[in-house]
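*Asks:* One structure is given below, represented as structure tokens, and several questions about it will come after.
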Amino acid sequence: MDYIYWWEENYESGLKELHSEFLSVFEEAEFIPAIYNPILYKYYHEINLKHWDRKVMKVGNQKLIEIKNLLDNAQFNNVLLQNLNLLASSFNGAQNISRKIELMNNFKGSMELKASLFLINIYNDLLNGPYSKILQLYIKLQGKIENKVLDQKTLRQQMQCLSSRKYDEILNIADADIRNAMSHDGVEIQHNKIQFTYRNGKETVVEEHSIYEVKDRTISLFDSVNGLIMSCIRYLIENKITFDDVYDNNDVSNEVIEFYERLSMSTLEIECKSIEEIDLHKEQSKQVNVVLKNNNLDIPSRFFVGIHTAGRVYGLRNINKKDRVMISFESDKTINSFIRVTGDTLEKFVSGEINEEQLVQEIKRSEEYMLFPVNKEQRNKYEDLFRYYTDIENEDFVIREIEDISNRDKKRFRAVVYVKNIFSRKHVEKIIFKAVNELRKIKNYGFTNHLVKHGDMEVDVLYLVIYKKEVRKTEQRTLMPSNKNFLVQIQYDKNKQFDIKNPLIDRQLHKKIKNTIEYNWNPNFYKFG
């Protein structure tokens, strides 16, 4: 039994309900090919994608049928397969925009700030990303009908190309005036309203809409674009176009093949985000890197999914004995992890010479893995995502870039300190002492992806870099003696262990330890300060 199907049956839920739902929507479908399960699950379960517009899906599906009736079946399918990269790009873009919408909805700023940071960009990205890609797919199919190259670069040209060819229902889902204003930087946000300025012939037109209205239009456009994407998925399913049809077609691009390879390594809740092949010229071999986004799998589950995914890569990418396959794991509640397997070991696994347990033991023996535990704390990932520590400023100094670098055992911060007036080295030491006292009492909150010491207890370790002036240029922020702006790097450690080391830099600085503070002075400042 295929490991994907086995995993979906035994460790995930909803497969039967998923197929039942879409077999009722895709009226001509006899069954759901397993390769499309990951896509359909997103459009059935994911908080934004699941609201795709079913009416627009029917409009898009009917348009595909109309085009197909003007071509023979083989011609239509071949043009569609050759240009499935446009559908793949549209789907990937829709997923990215869905994540942006989720961020926007969880952002706690004002509507004006939401519109400035998210809303306008989302609308623009929708038009010039997923929507444009679908229009390009229609243009490719229309070009086959007319036996012409109709390709257009810009969204405006694409819409003009299709406007005279009976695509009105598809073109009308995008507000032409808003699109026109965005194309010419004619968008201005004022309080709770958005002003759109565009040209209508020789006349300049100004439209004003509330932010809420523009948000509704944006969400409506998003749902409509996903309806068009689903119309293409419906066609592929109803016409039984699967992995083999793509893989055996010499006219299909590598981009399309990779899209289907990623689907073949995805389950309902595990998404293969990328496959990258790197040539290792010195070793005369290659490494294939696969990234799996997962739903916080425990370590044994990551081993299982990882080794079987590596086995699939072995079959798809002609892995030789000297080659390697690295499977990386991303999830909300774990630090990014990986396993790496050599080609000769995979060959033994795929041939049945060794079993799953023996392969796992071989990976552990080789130490080619790094799998971190799942953080089981109850946390709000959006609070963690948007959390920051405010600057601290007084008449003597300003502390910026305060960052929590705690681990399981120690509460730690690092930060940058800018001294406003420098009189002597002793004066700088007094400022450091004050800065340490300010930072020692800050409460930290921890992270979603790993467990650390956090709370309102006193800090264990501080790592601070002290400069004269607040600047951005890299050369004036280096920790090198030649940098006149750099004064000292210090480490406060209440246990006097001073574990944070940087040998390349530390050996060039002048070290002094005073009680709980380790000073690494710029020797040029120390000498004359």
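Chain labels run A, B, ... following the order of the structure tokens; each chain numbers its residues from 1, and ligands are numbered from 1 in the order shown.
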Which residues are close to Met326 (chain A), i.e. within 9 Å by only C-alpha atoms, leaving aside same-chain residues fewer than 4 positions away? Reply as a list of chain:residue names.

*Replies:*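 Neighbouring residues, sequence-local ones excluded: A:Gln287, A:Val288, A:Asn289, A:Val290, A:Val291, A:Gly306, A:Ala310, A:Phe338, A:Ile339, A:Arg340, A:Val341, A:Thr342.
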
*Asks:* Residues at most 12 Å from Arg477 (chain A), counting only C-alpha atoms, excluding those fewer than 4 positions away in the same chain, as a list in words?

*Replies:* Val416, Val417, Tyr418, Val465, Ile466, Tyr467, Lys468, Lys469, Glu470, Val471, Arg472, Lys473, Pro481, Ser482, Asn483, Lys484, Asn485, Phe486, Leu487, Val488 and Gln489 of chain A

*Asks:* Using only C-alpha atoms, can you tell me which of A:Ser164, A:Thr345, A:Asn192, A:Thr448 comes closest to Asp384 (chain A)?

*Replies:* A:Thr448

*Asks:* So which residues of region 20-73 of chain A fall under alpha helix (DSSP H) by DSSP, listed as an MDAnalysis selection string?

*Replies:* chainID A and resid 20:25 37:45 54:69 73

*Asks:* Between CA of Pro33 (chain A) and CA of Leu135 (chain A), measure the distance and give it in Å to one decimal.

*Replies:*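 CA of Pro33 (chain A) sits 25.9 Å away from CA of Leu135 (chain A).
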
*Asks:* Can you list, as a count of residues only, every protein, DNA or RNA residue that comes within 10 Å of Lys153 (chain A) when you count only C-alpha atoms, leaving out same-chain residues fewer than 5 positions away?

*Replies:* 3

*Asks:* If you measure from CA of Met182 (chain A) to CA of Lys202 (chain A), what distance in Å do you get, rounded to one decimal?

*Replies:*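 Result for CA of Met182 (chain A) versus CA of Lys202 (chain A): 17.9 Å, one decimal.
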
*Asks:* Would you mind listing what lies within 7 Å of Lys453 (chain A) as a PyMOL selection string, with only C-alpha atoms counted and same-chain residues fewer than 2 positions away left out?

*Replies:* chain A and resi 406-411

*Asks:* Could you turn the residues from that selection into a file that holds N, CA and C atoms, as a PDB file, in the first residue's frame?

*Replies:*
```pdb
ATOM      1  N   SER A 406      16.230  33.340  24.723  1.00  0.00           N
ATOM      2  CA  SER A 406      16.219  32.386  25.835  1.00  0.00           C
ATOM      3  C   SER A 406      16.273  30.945  25.335  1.00  0.00           C
ATOM      4  N   ASN A 407      16.748  30.052  26.201  1.00  0.00           N
ATOM      5  CA  ASN A 407      16.670  28.621  25.952  1.00  0.00           C
ATOM      6  C   ASN A 407      15.907  27.971  27.112  1.00  0.00           C
ATOM      7  N   ARG A 408      15.919  26.654  27.184  1.00  0.00           N
ATOM      8  CA  ARG A 408      15.129  25.961  28.211  1.00  0.00           C
ATOM      9  C   ARG A 408      15.566  26.320  29.634  1.00  0.00           C
ATOM     10  N   ASP A 409      16.856  26.574  29.794  1.00  0.00           N
ATOM     11  CA  ASP A 409      17.405  26.736  31.148  1.00  0.00           C
ATOM     12  C   ASP A 409      17.640  28.174  31.557  1.00  0.00           C
ATOM     13  N   LYS A 410      17.790  29.072  30.572  1.00  0.00           N
ATOM     14  CA  LYS A 410      18.167  30.445  30.920  1.00  0.00           C
ATOM     15  C   LYS A 410      17.292  31.459  30.179  1.00  0.00           C
ATOM     16  N   LYS A 411      16.882  32.467  30.935  1.00  0.00           N
ATOM     17  CA  LYS A 411      16.189  33.610  30.340  1.00  0.00           C
ATOM     18  C   LYS A 411      17.254  34.577  29.842  1.00  0.00           C
TER      19      LYS A 411
END
```

*Asks:* May I have all residues of region 159-372 of chain A that DSSP, computed from the backbone, assigns to strand (DSSP E), given as a ChimeraX atom specification?

*Replies:* /A:187-190,193-200,203-210,271-280,285-293,324-331,334-342,369-370

*Asks:* Emit the selected residues as a PDB file, in the first residue's frame, including C-alpha atoms.

*Replies:*
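Now in result.pdb:
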```pdb
ATOM      1  CA  VAL A 187      -4.445  54.950  -4.279  1.00  0.00           C
ATOM      2  CA  GLU A 188      -4.534  57.036  -1.107  1.00  0.00           C
ATOM      3  CA  ILE A 189      -5.671  55.925   2.350  1.00  0.00           C
ATOM      4  CA  GLN A 190      -7.308  58.576   4.521  1.00  0.00           C
ATOM      5  CA  LYS A 193     -11.592  55.548   3.517  1.00  0.00           C
ATOM      6  CA  ILE A 194      -9.556  54.703   0.413  1.00  0.00           C
ATOM      7  CA  GLN A 195      -9.439  57.101  -2.512  1.00  0.00           C
ATOM      8  CA  PHE A 196      -8.876  55.708  -6.014  1.00  0.00           C
ATOM      9  CA  THR A 197      -7.844  58.064  -8.823  1.00  0.00           C
ATOM     10  CA  TYR A 198      -7.826  56.916 -12.446  1.00  0.00           C
ATOM     11  CA  ARG A 199      -8.290  58.185 -15.999  1.00  0.00           C
ATOM     12  CA  ASN A 200     -11.469  57.713 -18.015  1.00  0.00           C
ATOM     13  CA  GLU A 203     -11.125  62.862 -17.606  1.00  0.00           C
ATOM     14  CA  THR A 204      -9.572  62.213 -14.188  1.00  0.00           C
ATOM     15  CA  VAL A 205     -12.022  60.338 -11.967  1.00  0.00           C
ATOM     16  CA  VAL A 206     -11.787  60.087  -8.170  1.00  0.00           C
ATOM     17  CA  GLU A 207     -13.696  57.326  -6.352  1.00  0.00           C
ATOM     18  CA  GLU A 208     -13.898  56.994  -2.584  1.00  0.00           C
ATOM     19  CA  HIS A 209     -14.800  53.796  -0.744  1.00  0.00           C
ATOM     20  CA  SER A 210     -14.740  52.798   2.886  1.00  0.00           C
ATOM     21  CA  GLU A 271       2.327  19.767   2.383  1.00  0.00           C
ATOM     22  CA  CYS A 272       5.435  19.281   0.292  1.00  0.00           C
ATOM     23  CA  LYS A 273       6.423  22.938  -0.125  1.00  0.00           C
ATOM     24  CA  SER A 274       9.443  22.556  -2.375  1.00  0.00           C
ATOM     25  CA  ILE A 275      11.854  20.198  -4.114  1.00  0.00           C
ATOM     26  CA  GLU A 276      15.303  21.499  -4.972  1.00  0.00           C
ATOM     27  CA  GLU A 277      18.118  19.599  -6.657  1.00  0.00           C
ATOM     28  CA  ILE A 278      21.678  20.815  -5.993  1.00  0.00           C
ATOM     29  CA  ASP A 279      24.751  19.603  -7.879  1.00  0.00           C
ATOM     30  CA  LEU A 280      27.749  18.871  -5.642  1.00  0.00           C
ATOM     31  CA  SER A 285      27.007  13.879  -6.872  1.00  0.00           C
ATOM     32  CA  LYS A 286      23.808  15.732  -6.078  1.00  0.00           C
ATOM     33  CA  GLN A 287      21.552  16.431  -3.105  1.00  0.00           C
ATOM     34  CA  VAL A 288      17.779  16.686  -3.391  1.00  0.00           C
ATOM     35  CA  ASN A 289      16.218  18.915  -0.713  1.00  0.00           C
ATOM     36  CA  VAL A 290      12.528  18.442   0.125  1.00  0.00           C
ATOM     37  CA  VAL A 291      10.620  20.681   2.555  1.00  0.00           C
ATOM     38  CA  LEU A 292       7.525  19.282   4.284  1.00  0.00           C
ATOM     39  CA  LYS A 293       5.178  21.605   6.159  1.00  0.00           C
ATOM     40  CA  ARG A 324      21.862  12.364  -0.826  1.00  0.00           C
ATOM     41  CA  VAL A 325      18.271  13.246  -0.009  1.00  0.00           C
ATOM     42  CA  MET A 326      17.483  15.740   2.750  1.00  0.00           C
ATOM     43  CA  ILE A 327      13.938  15.997   4.094  1.00  0.00           C
ATOM     44  CA  SER A 328      13.267  19.159   6.126  1.00  0.00           C
ATOM     45  CA  PHE A 329      10.244  19.664   8.376  1.00  0.00           C
ATOM     46  CA  GLU A 330       8.469  22.935   9.160  1.00  0.00           C
ATOM     47  CA  SER A 331       5.605  23.379  11.615  1.00  0.00           C
ATOM     48  CA  THR A 334       8.696  22.829  16.358  1.00  0.00           C
ATOM     49  CA  ILE A 335      12.012  24.308  15.349  1.00  0.00           C
ATOM     50  CA  ASN A 336      12.833  23.431  11.729  1.00  0.00           C
ATOM     51  CA  SER A 337      14.177  19.867  11.611  1.00  0.00           C
ATOM     52  CA  PHE A 338      15.701  17.500   9.040  1.00  0.00           C
ATOM     53  CA  ILE A 339      16.893  14.013   8.206  1.00  0.00           C
ATOM     54  CA  ARG A 340      19.441  13.198   5.481  1.00  0.00           C
ATOM     55  CA  VAL A 341      19.863   9.818   3.778  1.00  0.00           C
ATOM     56  CA  THR A 342      22.500   8.612   1.314  1.00  0.00           C
ATOM     57  CA  TYR A 369      19.421  14.245  11.473  1.00  0.00           C
ATOM     58  CA  MET A 370      18.184  17.007  13.760  1.00  0.00           C
TER      59      MET A 370
END
```

*Asks:* Quick check, in Å to one decimal: how far apart do CA of Arg412 (chain A) and CA of Val459 (chain A) lie?

*Replies:*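 For CA of Arg412 (chain A) relative to CA of Val459 (chain A), the distance reads 6.0 Å.
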
*Asks:* For Val214 (chain A), which residue among A:Ile237, A:Val256, A:Ile139, A:Ala115 is the nearest when counting only C-alpha atoms?

*Replies:* A:Ala115

*Asks:* Could you build a table of the residues in region 429-466 of chain A lying no more than 9 Å from region 390-402 of chain A, giving for each the nearest pair of atoms and their separation in Å rounded to one decimal place, using only C-alpha atoms, ordered by chain and ascending residue number, as CSV?

*Replies:*
```
residue,atom,partner,partner_atom,distance
A:Ile431,CA,A:Asp396,CA,7.1
A:Ala435,CA,A:Ile399,CA,7.5
A:Glu438,CA,A:Ile392,CA,8.1
A:Leu439,CA,A:Ile392,CA,8.9
```

*Asks:* Go ahead and write the selection's residues with C-alpha atoms as a short mmCIF file (atom, residue, chain, number, x, y, z; two decimals), in the first residue's frame.

*Replies:*
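The file below, again12.cif, is the result:
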```cif
data_model
loop_
_atom_site.label_atom_id
_atom_site.label_comp_id
_atom_site.auth_asym_id
_atom_site.auth_seq_id
_atom_site.Cartn_x
_atom_site.Cartn_y
_atom_site.Cartn_z
CA ILE A 431 25.74 53.55 31.35
CA ALA A 435 21.17 49.48 30.83
CA GLU A 438 16.71 48.18 32.91
CA LEU A 439 16.83 44.92 30.94
#
```

*Asks:* Leaving out region 516-526 of chain A and any residue of its chain fewer than 3 positions from it, which residues lie within 7 Å of it when counting only C-alpha atoms, given as a list in words?

*Replies:*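 Result of the neighbour search: Arg425, Pro481, Phe486, Leu487, Val488, Gln489, Ile490, Gln491, Tyr492, Asp493, Lys494, Lys496, Asp506, Leu509, His510, Lys511, Lys512, Ile513 and Gly529 of chain A.
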
*Asks:* As a list in words, please: the residues near Met159 (chain A) (cut-off 10 Å, only C-alpha atoms, same-chain neighbours under 3 positions excluded).

*Replies:* Ser132, Leu135, Gln136, Ile139, Gln152, Thr154, Leu155, Arg156, Leu162, Ser163, Ser164, Tyr167, Asp168, Ile170, Leu171, Asn172, Ala174 and Ala176 of chain A

*Asks:* Give one line per residue of region 100-145 of chain A that approaches region 78-83 of chain A to at most 10 Å, naming the two atoms of the closest pair and their distance in Å to one decimal, counting only C-alpha atoms; sort by chain then ascending residue number and deliver it as a Markdown table.

*Replies:*
```
| residue | atom | partner | partner_atom | distance |
| --- | --- | --- | --- | --- |
| A:Gln136 | CA | A:Asn83 | CA | 9.1 |
| A:Leu137 | CA | A:Asn83 | CA | 6.7 |
| A:Tyr138 | CA | A:Leu80 | CA | 9.4 |
| A:Lys140 | CA | A:Val79 | CA | 7.5 |
| A:Leu141 | CA | A:Val79 | CA | 6.6 |
| A:Gly143 | CA | A:Val79 | CA | 9.9 |
| A:Lys144 | CA | A:Val79 | CA | 7.7 |
```
